file final29.txt (compact mmCIF, C-alpha atoms)
# COMPACT_ATOMS: atom_id res chain seq x y z
CA MET A 1 -0.48 -4.28 27.47
CA GLY A 2 2.93 -5.70 26.60
CA VAL A 3 5.61 -3.16 27.51
CA LEU A 4 9.14 -2.63 26.28
CA PRO A 5 11.91 -4.56 28.02
CA CYS A 6 14.28 -2.32 29.97
CA ASP A 7 17.10 -3.25 27.60
CA TRP A 8 15.12 -2.79 24.36
CA PRO A 9 18.05 -1.08 22.52
CA ALA A 10 20.15 -4.19 23.24
CA VAL A 11 17.29 -6.41 22.03
CA LEU A 12 17.26 -4.57 18.70
CA ASP A 13 21.05 -4.84 18.49
CA GLU A 14 20.65 -8.58 18.99
CA PHE A 15 17.94 -8.61 16.31
CA ILE A 16 20.36 -7.06 13.81
CA GLN A 17 22.96 -9.67 14.71
CA ALA A 18 20.44 -12.44 14.08
CA PHE A 19 18.85 -10.85 10.98
CA PRO A 20 21.40 -8.44 9.47
CA ASN A 21 19.39 -7.93 6.27
CA PHE A 22 16.45 -6.53 8.29
CA PHE A 23 18.23 -3.32 9.30
CA GLU A 24 15.39 -1.15 7.90
CA LEU A 25 12.87 -2.88 10.13
CA ALA A 26 15.17 -2.54 13.13
CA ASP A 27 15.57 1.18 12.37
CA LEU A 28 11.80 1.68 12.19
CA LEU A 29 11.30 -0.18 15.47
CA ARG A 30 14.04 1.85 17.14
CA ASP A 31 12.24 5.10 16.27
CA HIS A 32 8.86 3.96 17.55
CA PHE A 33 10.26 2.30 20.66
CA ALA A 34 12.14 5.49 21.54
CA LEU A 35 8.86 7.43 21.43
CA SER A 36 7.05 4.77 23.42
CA ALA A 37 9.79 4.83 26.06
CA LEU A 38 8.91 8.48 26.67
CA GLY A 39 5.27 7.58 27.29
CA ASP A 40 3.42 4.47 28.40
CA GLN A 41 6.23 2.04 27.43
CA ARG A 42 3.94 -0.20 25.38
CA VAL A 43 5.34 -2.15 22.42
CA ALA A 44 3.86 -0.51 19.35
CA TRP A 45 4.64 0.14 15.71
CA PRO A 46 2.60 1.01 12.60
CA PRO A 47 1.50 -1.75 10.20
CA VAL A 48 4.56 -2.96 8.29
CA LEU A 49 4.83 -4.76 4.95
CA LEU A 50 8.07 -6.71 4.42
CA VAL A 51 8.71 -7.19 0.71
CA GLY A 52 11.37 -9.64 -0.41
CA SER A 53 12.03 -12.94 -2.09
CA ALA A 54 10.90 -16.21 -0.55
CA GLY A 55 13.03 -17.89 2.09
CA ILE A 56 14.97 -14.85 3.35
CA GLY A 57 13.62 -15.03 6.90
CA LYS A 58 10.62 -12.67 6.99
CA THR A 59 8.40 -14.94 9.08
CA GLU A 60 11.29 -16.05 11.28
CA ALA A 61 12.21 -12.42 12.01
CA ALA A 62 8.63 -11.65 13.12
CA ARG A 63 8.56 -14.77 15.29
CA TRP A 64 11.89 -13.77 16.87
CA LEU A 65 10.51 -10.32 17.78
CA ALA A 66 7.39 -11.83 19.35
CA GLU A 67 9.50 -14.13 21.50
CA LYS A 68 11.97 -11.48 22.64
CA LEU A 69 9.22 -8.91 23.32
CA SER A 70 7.04 -11.51 25.10
CA LEU A 71 4.01 -10.88 22.91
CA PRO A 72 1.37 -13.34 21.64
CA PHE A 73 1.99 -14.23 18.01
CA ARG A 74 -0.23 -15.61 15.26
CA VAL A 75 0.33 -16.27 11.57
CA LEU A 76 -2.47 -16.07 9.00
CA ASP A 77 -1.71 -17.62 5.62
CA MET A 78 -3.35 -15.10 3.30
CA ALA A 79 -2.55 -17.17 0.20
CA SER A 80 -5.04 -19.84 1.27
CA ALA A 81 -7.73 -17.51 2.63
CA GLN A 82 -11.05 -17.83 0.79
CA SER A 83 -12.72 -14.88 2.52
CA GLY A 84 -12.22 -12.47 5.41
CA SER A 85 -13.68 -14.96 7.91
CA PRO A 86 -10.35 -16.43 9.14
CA LEU A 87 -9.47 -12.93 10.34
CA ALA A 88 -12.83 -11.32 11.15
CA GLY A 89 -15.16 -14.28 11.71
CA SER A 90 -18.06 -15.61 9.68
CA GLU A 91 -21.63 -14.26 9.65
CA SER A 92 -23.73 -15.54 12.53
CA PHE A 93 -26.52 -16.80 10.25
CA TRP A 94 -24.24 -19.59 8.95
CA SER A 95 -24.65 -22.90 10.79
CA ASN A 96 -20.88 -23.28 11.10
CA SER A 97 -20.25 -19.67 12.09
CA GLU A 98 -17.23 -19.14 14.32
CA PRO A 99 -15.07 -16.24 15.53
CA GLY A 100 -12.01 -15.20 13.58
CA MET A 101 -8.41 -15.52 14.63
CA LEU A 102 -8.16 -11.91 15.74
CA PHE A 103 -11.09 -12.13 18.16
CA GLU A 104 -9.71 -15.31 19.71
CA LEU A 105 -6.26 -13.76 19.98
CA LEU A 106 -7.53 -10.66 21.78
CA ALA A 107 -10.12 -12.44 23.90
CA TYR A 108 -8.03 -15.33 25.19
CA GLN A 109 -4.47 -13.98 25.30
CA PRO A 110 -3.25 -11.75 28.15
CA LYS A 111 -1.85 -8.92 26.00
CA ALA A 112 -3.86 -6.40 23.95
CA ASN A 113 -0.94 -5.67 21.61
CA PRO A 114 -0.06 -9.03 20.05
CA ILE A 115 1.86 -9.48 16.80
CA MET A 116 -0.30 -10.58 13.87
CA LEU A 117 1.58 -11.80 10.80
CA LEU A 118 -0.23 -11.73 7.45
CA ASP A 119 1.84 -14.13 5.39
CA GLU A 120 2.01 -13.84 1.59
CA LEU A 121 -0.37 -10.91 1.31
CA ASP A 122 0.43 -10.59 -2.38
CA LYS A 123 -0.89 -14.10 -3.08
CA VAL A 124 -4.51 -13.26 -2.21
CA ASP A 125 -6.93 -14.06 -5.04
CA GLN A 126 -8.83 -10.80 -5.36
CA GLN A 127 -11.33 -12.33 -7.80
CA LYS A 128 -13.01 -14.35 -5.04
CA PRO A 129 -16.64 -13.40 -4.16
CA TYR A 130 -15.57 -12.53 -0.60
CA ASP A 131 -12.38 -10.48 -0.51
CA PRO A 132 -9.98 -11.91 2.14
CA MET A 133 -8.37 -8.46 2.41
CA ALA A 134 -11.62 -6.62 3.19
CA PRO A 135 -11.27 -6.59 7.02
CA LEU A 136 -7.81 -5.05 6.75
CA TYR A 137 -9.15 -1.74 5.49
CA THR A 138 -10.70 -1.28 8.94
CA LEU A 139 -8.14 -3.07 11.08
CA LEU A 140 -5.04 -1.29 9.74
CA GLU A 141 -6.50 2.13 10.60
CA SER A 142 -6.08 2.81 14.31
CA ARG A 143 -9.23 4.92 14.62
CA SER A 144 -11.59 2.41 13.01
CA ALA A 145 -9.86 -0.58 14.65
CA ARG A 146 -10.93 0.69 18.07
CA SER A 147 -14.43 -0.64 17.36
CA PHE A 148 -13.69 -3.95 15.70
CA MET A 149 -16.69 -6.28 15.43
CA ASP A 150 -16.28 -9.97 14.74
CA LEU A 151 -19.02 -11.02 12.31
CA SER A 152 -19.98 -14.06 14.36
CA ILE A 153 -20.43 -12.03 17.57
CA ARG A 154 -22.26 -8.78 16.82
CA ASP A 155 -23.32 -8.02 20.39
CA PHE A 156 -20.23 -5.98 21.20
CA THR A 157 -17.05 -4.54 19.74
CA ILE A 158 -13.45 -4.93 20.86
CA ASP A 159 -10.48 -2.59 20.64
CA ALA A 160 -8.04 -3.96 18.06
CA SER A 161 -6.13 -0.71 17.64
CA HIS A 162 -3.11 -1.93 19.61
CA VAL A 163 -2.41 -4.98 17.43
CA ASN A 164 1.07 -4.90 15.90
CA TRP A 165 0.70 -5.92 12.25
CA ILE A 166 3.43 -7.37 10.04
CA ALA A 167 2.61 -8.48 6.49
CA THR A 168 4.93 -10.29 4.10
CA ALA A 169 5.01 -10.36 0.31
CA ASN A 170 7.37 -11.31 -2.49
CA CYS A 171 6.15 -8.32 -4.53
CA ALA A 172 3.91 -5.37 -3.68
CA ASP A 173 2.46 -4.95 -7.20
CA ASN A 174 -0.59 -7.12 -6.57
CA ILE A 175 -1.57 -5.42 -3.31
CA PRO A 176 -4.26 -2.71 -3.67
CA ALA A 177 -2.94 0.84 -3.34
CA PRO A 178 -5.40 1.81 -0.54
CA LEU A 179 -4.06 -1.07 1.52
CA LEU A 180 -0.43 -0.20 0.77
CA SER A 181 -1.09 3.35 1.94
CA ARG A 182 -1.96 1.96 5.38
CA MET A 183 1.43 0.24 5.82
CA ALA A 184 5.09 1.15 6.01
CA VAL A 185 6.57 -0.74 3.06
CA LEU A 186 10.09 -2.04 3.69
CA HIS A 187 12.10 -3.89 1.06
CA VAL A 188 14.21 -6.70 2.49
CA GLN A 189 17.19 -7.84 0.45
CA ALA A 190 18.44 -11.40 0.39
CA PRO A 191 21.32 -11.73 2.86
CA THR A 192 24.88 -11.75 1.57
CA PRO A 193 26.96 -14.91 2.16
CA ASP A 194 28.67 -13.21 5.11
CA GLN A 195 25.27 -12.27 6.56
CA VAL A 196 24.04 -15.85 6.08
CA ALA A 197 27.01 -17.02 8.15
CA ARG A 198 26.05 -14.58 10.91
CA ILE A 199 22.43 -15.73 10.74
CA ALA A 200 23.53 -19.37 10.94
CA GLN A 201 25.64 -18.63 14.00
CA ALA A 202 22.74 -16.80 15.65
CA ILE A 203 20.31 -19.64 14.88
CA TYR A 204 22.76 -22.17 16.30
CA VAL A 205 23.27 -20.16 19.49
CA ARG A 206 19.50 -19.77 19.94
CA MET A 207 18.87 -23.45 19.18
CA ARG A 208 21.50 -24.45 21.72
CA ALA A 209 20.08 -22.10 24.39
CA GLU A 210 16.50 -23.31 23.96
CA ALA A 211 17.13 -27.07 23.92
CA CYS A 212 17.53 -29.22 27.03
CA TRP A 213 20.54 -30.84 25.35
CA GLY A 214 22.09 -27.55 24.25
CA GLU A 215 24.97 -27.46 26.72
CA THR A 216 26.22 -30.76 25.32
CA PHE A 217 27.50 -28.94 22.23
CA ALA A 218 30.18 -26.32 21.61
CA SER A 219 29.12 -22.72 22.09
CA LYS A 220 29.80 -21.71 18.46
CA LEU A 221 30.00 -23.21 15.00
CA ASP A 222 33.38 -23.83 13.38
CA ASP A 223 34.43 -21.51 10.55
CA ALA A 224 34.55 -24.43 8.13
CA VAL A 225 30.91 -25.29 8.87
CA LEU A 226 29.87 -21.66 8.48
CA ASP A 227 31.58 -21.56 5.09
CA GLN A 228 29.47 -24.51 3.95
CA LEU A 229 26.27 -22.83 5.13
CA ARG A 230 26.90 -19.47 3.41
CA GLY A 231 25.03 -20.43 0.25
CA LEU A 232 21.81 -21.52 1.94
CA PRO A 233 18.66 -19.39 2.21
CA PRO A 234 17.83 -18.59 5.87
CA ARG A 235 14.71 -20.77 5.67
CA GLN A 236 16.89 -23.89 5.34
CA LEU A 237 19.45 -23.08 8.01
CA SER A 238 17.47 -24.35 11.01
CA GLN A 239 16.70 -27.63 9.27
CA ALA A 240 20.32 -28.12 8.23
CA LEU A 241 21.67 -27.35 11.69
CA ARG A 242 19.22 -29.59 13.50
CA ARG A 243 20.08 -32.51 11.20
CA ALA A 244 23.77 -31.85 11.70
CA LEU A 245 23.39 -31.73 15.48
CA GLY A 246 21.58 -35.06 15.35
CA ARG A 247 24.42 -36.64 13.40
CA ALA A 248 26.99 -35.22 15.80
CA ALA A 249 24.99 -36.67 18.70
CA ARG A 250 24.92 -40.08 17.02
CA ASP A 251 28.73 -39.98 16.82
CA GLU A 252 28.96 -38.70 20.43
CA ARG A 253 30.72 -35.50 19.41
CA ASP A 254 30.20 -32.06 20.98
CA HIS A 255 30.56 -30.15 17.72
CA ILE A 256 29.33 -30.17 14.12
CA THR A 257 31.64 -31.00 11.24
CA ILE A 258 31.18 -30.48 7.50
CA GLN A 259 30.38 -34.17 7.14
CA ASP A 260 27.37 -33.74 9.48
CA LEU A 261 25.61 -31.42 7.06
CA PRO A 262 22.95 -33.20 4.98
CA PRO A 263 24.21 -33.86 1.42
CA ALA A 264 21.54 -31.66 -0.14
CA MET A 265 22.79 -28.77 2.00
CA GLY A 266 26.36 -28.94 0.76
CA PRO A 267 27.80 -26.82 -2.03
CA ALA A 268 26.01 -27.18 -5.33
CA VAL A 269 27.60 -29.45 -7.87
CA ARG A 270 27.96 -27.82 -11.26
CA GLY A 271 26.52 -30.00 -13.97
CA ILE A 272 27.96 -30.60 -17.40
CA GLY A 273 26.62 -28.27 -20.05
CA PHE A 274 27.04 -24.98 -21.81
CA ILE A 275 26.91 -21.59 -20.15
CA ALA A 276 25.41 -18.72 -22.11
CA THR A 277 27.37 -15.50 -21.99
call {"tool": "encode", "arguments": {"input": "final29.txt", "output": "structure tokens"}}
result
Amino acid sequence: MGVLPCDWPAVLDEFIQAFPNFFELADLLRDHFALSALGDQRVAWPPVLLVGSAGIGKTEAARWLAEKLSLPFRVLDMASAQSGSPLAGSESFWSNSEPGMLFELLAYQPKANPIMLLDELDKVDQQKPYDPMAPLYTLLESRSARSFMDLSIRDFTIDASHVNWIATANCADNIPAPLLSRMAVLHVQAPTPDQVARIAQAIYVRMRAEACWGETFASKLDDAVLDQLRGLPPRQLSQALRRALGRAARDERDHITIQDLPPAMGPAVRGIGFIAT
């Protein structure tokens, strides 16, 4: 079982610095981690649904938590799921039957409490003959998840009750009420320009720390560069910064300048036309 790091309050403080618009999620985690710290120390939280517009960092925030908490992490694209088989396996009588992602995650990874991200839960086509959401009614309830059975391997059950679930959606209206009742629904706002600047700085620091060439570059971004990045959605920040670092490297500089940012990432040019008031 993955356990809490000794400095978990500092980890959550760092999370807020990196993702300031996810303060509700950080607050929820702080409550559950405080309880866990009194007991067996395992990393655990109830199923969470993050609702917010596209590109504001929902998937990146979940990935960050998995890395910092040293937990296995998988993403299931619910928008493209045709049935529940990607999650819970396919029936053994099919010639191409195979286990689902959850079984493989629990069977072959060292931790029993991984993070499973259900991406774009609201995009599931509920008119399909085989409902892709069907396994979740069992898996999101701790009591029933203790005896999870993959459809391709019916000889035994596994305990999936320790999985940490995070789902994402742009809107909760299309998600069935019984499923919503199984999750803590948190609404994530798009970051303000000042928050985007903080996110950009955090991404840059992390990018620099993780890369073998990181120490070649300055420890922080210049204010002028941050100003240029304020209008970008978080999803585009990593791409913009990596391109800019590449251009700085080509010019043998140890810092990024405004000119290094890809043209498409610069401030929007206002076209000629009429503005309705």
call {"tool": "atom_distance", "arguments": {"input": "final29.txt", "atom1": "CA of Ala202 (chain A)", "atom2": "CA of Ala26 (chain A)"}}
result
16.3 Å
call {"tool": "atom_distance", "arguments": {"input": "final29.txt", "atom1": "CA of Leu237 (chain A)", "atom2": "CA of Arg30 (chain A)"}}
result
27.1 Å
call {"tool": "atom_distance", "arguments": {"input": "final29.txt", "atom1": "CA of Tyr130 (chain A)", "atom2": "CA of Ser83 (chain A)"}}
result
4.8 Å
call {"tool": "residues_around", "arguments": {"input": "final29.txt", "residues": "Asp194 (chain A)", "least_positions_apart": "5", "cutoff": "12 Å", "atoms": "all atoms listed in the file", "output": "count of residues only"}}
result
15
call {"tool": "residues_around", "arguments": {"input": "final29.txt", "residues": "Leu102 (chain A)", "least_positions_apart": "3", "cutoff": "8 Å", "atoms": "all atoms listed in the file", "output": "list of chain:residue names"}}
result
A:Leu87, A:Ala88, A:Leu105, A:Leu106
call {"tool": "residues_around", "arguments": {"input": "final29.txt", "residues": "region 116-127 of chain A", "least_positions_apart": "3", "cutoff": "7 Å", "atoms": "all atoms listed in the file", "output": "JSON, numbers by chain"}}
result
{"A": [73, 74, 75, 76, 77, 78, 79, 131, 163, 164, 165, 166, 167, 168, 169, 170, 171, 172, 174, 175]}
call {"tool": "closest_residue", "arguments": {"input": "final29.txt", "among": "A:Gly246, A:Gly39, A:Pro5, A:Pro72", "to": "Phe217 (chain A)", "atoms": "all atoms listed in the file"}}
result
A:Gly246
call {"tool": "axis_aligned_box", "arguments": {"input": "final29.txt", "around": "region 36-43 of chain A", "padding_each_side": "8 Å", "output": "lines of an AutoDock Vina configuration file"}}
result
center_x = 6.6
center_y = 3.2
center_z = 25.4
size_x = 22.4
size_y = 26.6
size_z = 22.0
call {"tool": "closest_residue", "arguments": {"input": "final29.txt", "among": "A:Pro114, A:Leu140, A:Asp260, A:Leu38", "to": "Ala184 (chain A)", "atoms": "only C-alpha atoms"}}
result
A:Leu140
call {"tool": "residues_around", "arguments": {"input": "final29.txt", "residues": "Val43 (chain A)", "least_positions_apart": "5", "cutoff": "9 Å", "atoms": "all atoms listed in the file", "output": "short mmCIF file (atom, residue, chain, number, x, y, z; two decimals) with C-alpha atoms, in the coordinates of the input"}}
result
data_model
loop_
_atom_site.label_atom_id
_atom_site.label_comp_id
_atom_site.auth_asym_id
_atom_site.auth_seq_id
_atom_site.Cartn_x
_atom_site.Cartn_y
_atom_site.Cartn_z
CA MET A 1 -0.48 -4.28 27.47
CA GLY A 2 2.93 -5.70 26.60
CA VAL A 3 5.61 -3.16 27.51
CA LEU A 4 9.14 -2.63 26.28
CA PRO A 5 11.91 -4.56 28.02
CA HIS A 32 8.86 3.96 17.55
CA PHE A 33 10.26 2.30 20.66
CA SER A 36 7.05 4.77 23.42
CA LEU A 69 9.22 -8.91 23.32
CA LEU A 71 4.01 -10.88 22.91
CA ASN A 113 -0.94 -5.67 21.61
CA HIS A 162 -3.11 -1.93 19.61
CA ASN A 164 1.07 -4.90 15.90
#
call {"tool": "residues_near_point", "arguments": {"input": "final29.txt", "point": "(20.7, -9.3, 2.3)", "cutoff": "8 Å", "atoms": "all atoms listed in the file", "output": "list in words"}}
result
Pro20, Asn21, Phe22, Val188, Gln189, Ala190, Pro191, Thr192 and Gln195 of chain A
call {"tool": "closest_residue", "arguments": {"input": "final29.txt", "among": "A:Ser161, A:Ser181, A:Ser80, A:Gln236", "to": "Pro132 (chain A)", "atoms": "only C-alpha atoms"}}
result
A:Ser80
call {"tool": "closest_residue", "arguments": {"input": "final29.txt", "among": "A:Met183, A:Val11, A:Ala112, A:Ile203", "to": "Pro46 (chain A)", "atoms": "all atoms listed in the file"}}
result
A:Met183
call {"tool": "residues_near_point", "arguments": {"input": "final29.txt", "point": "(30.8, -26.0, 13.8)", "cutoff": "8 Å", "atoms": "all atoms listed in the file", "output": "compact mmCIF listing (two decimals) with C-alpha atoms, in the frame of the given file"}}
result
# COMPACT_ATOMS: atom_id res chain seq x y z
CA ALA A 218 30.18 -26.32 21.61
CA LYS A 220 29.80 -21.71 18.46
CA LEU A 221 30.00 -23.21 15.00
CA ASP A 222 33.38 -23.83 13.38
CA ASP A 223 34.43 -21.51 10.55
CA ALA A 224 34.55 -24.43 8.13
CA VAL A 225 30.91 -25.29 8.87
CA LEU A 226 29.87 -21.66 8.48
CA HIS A 255 30.56 -30.15 17.72
CA ILE A 256 29.33 -30.17 14.12
CA THR A 257 31.64 -31.00 11.24
CA ILE A 258 31.18 -30.48 7.50
call {"tool": "closest_residue", "arguments": {"input": "final29.txt", "among": "A:Val51, A:Pro9, A:Glu14, A:Ala62", "to": "Ala37 (chain A)", "atoms": "only C-alpha atoms"}}
result
A:Pro9
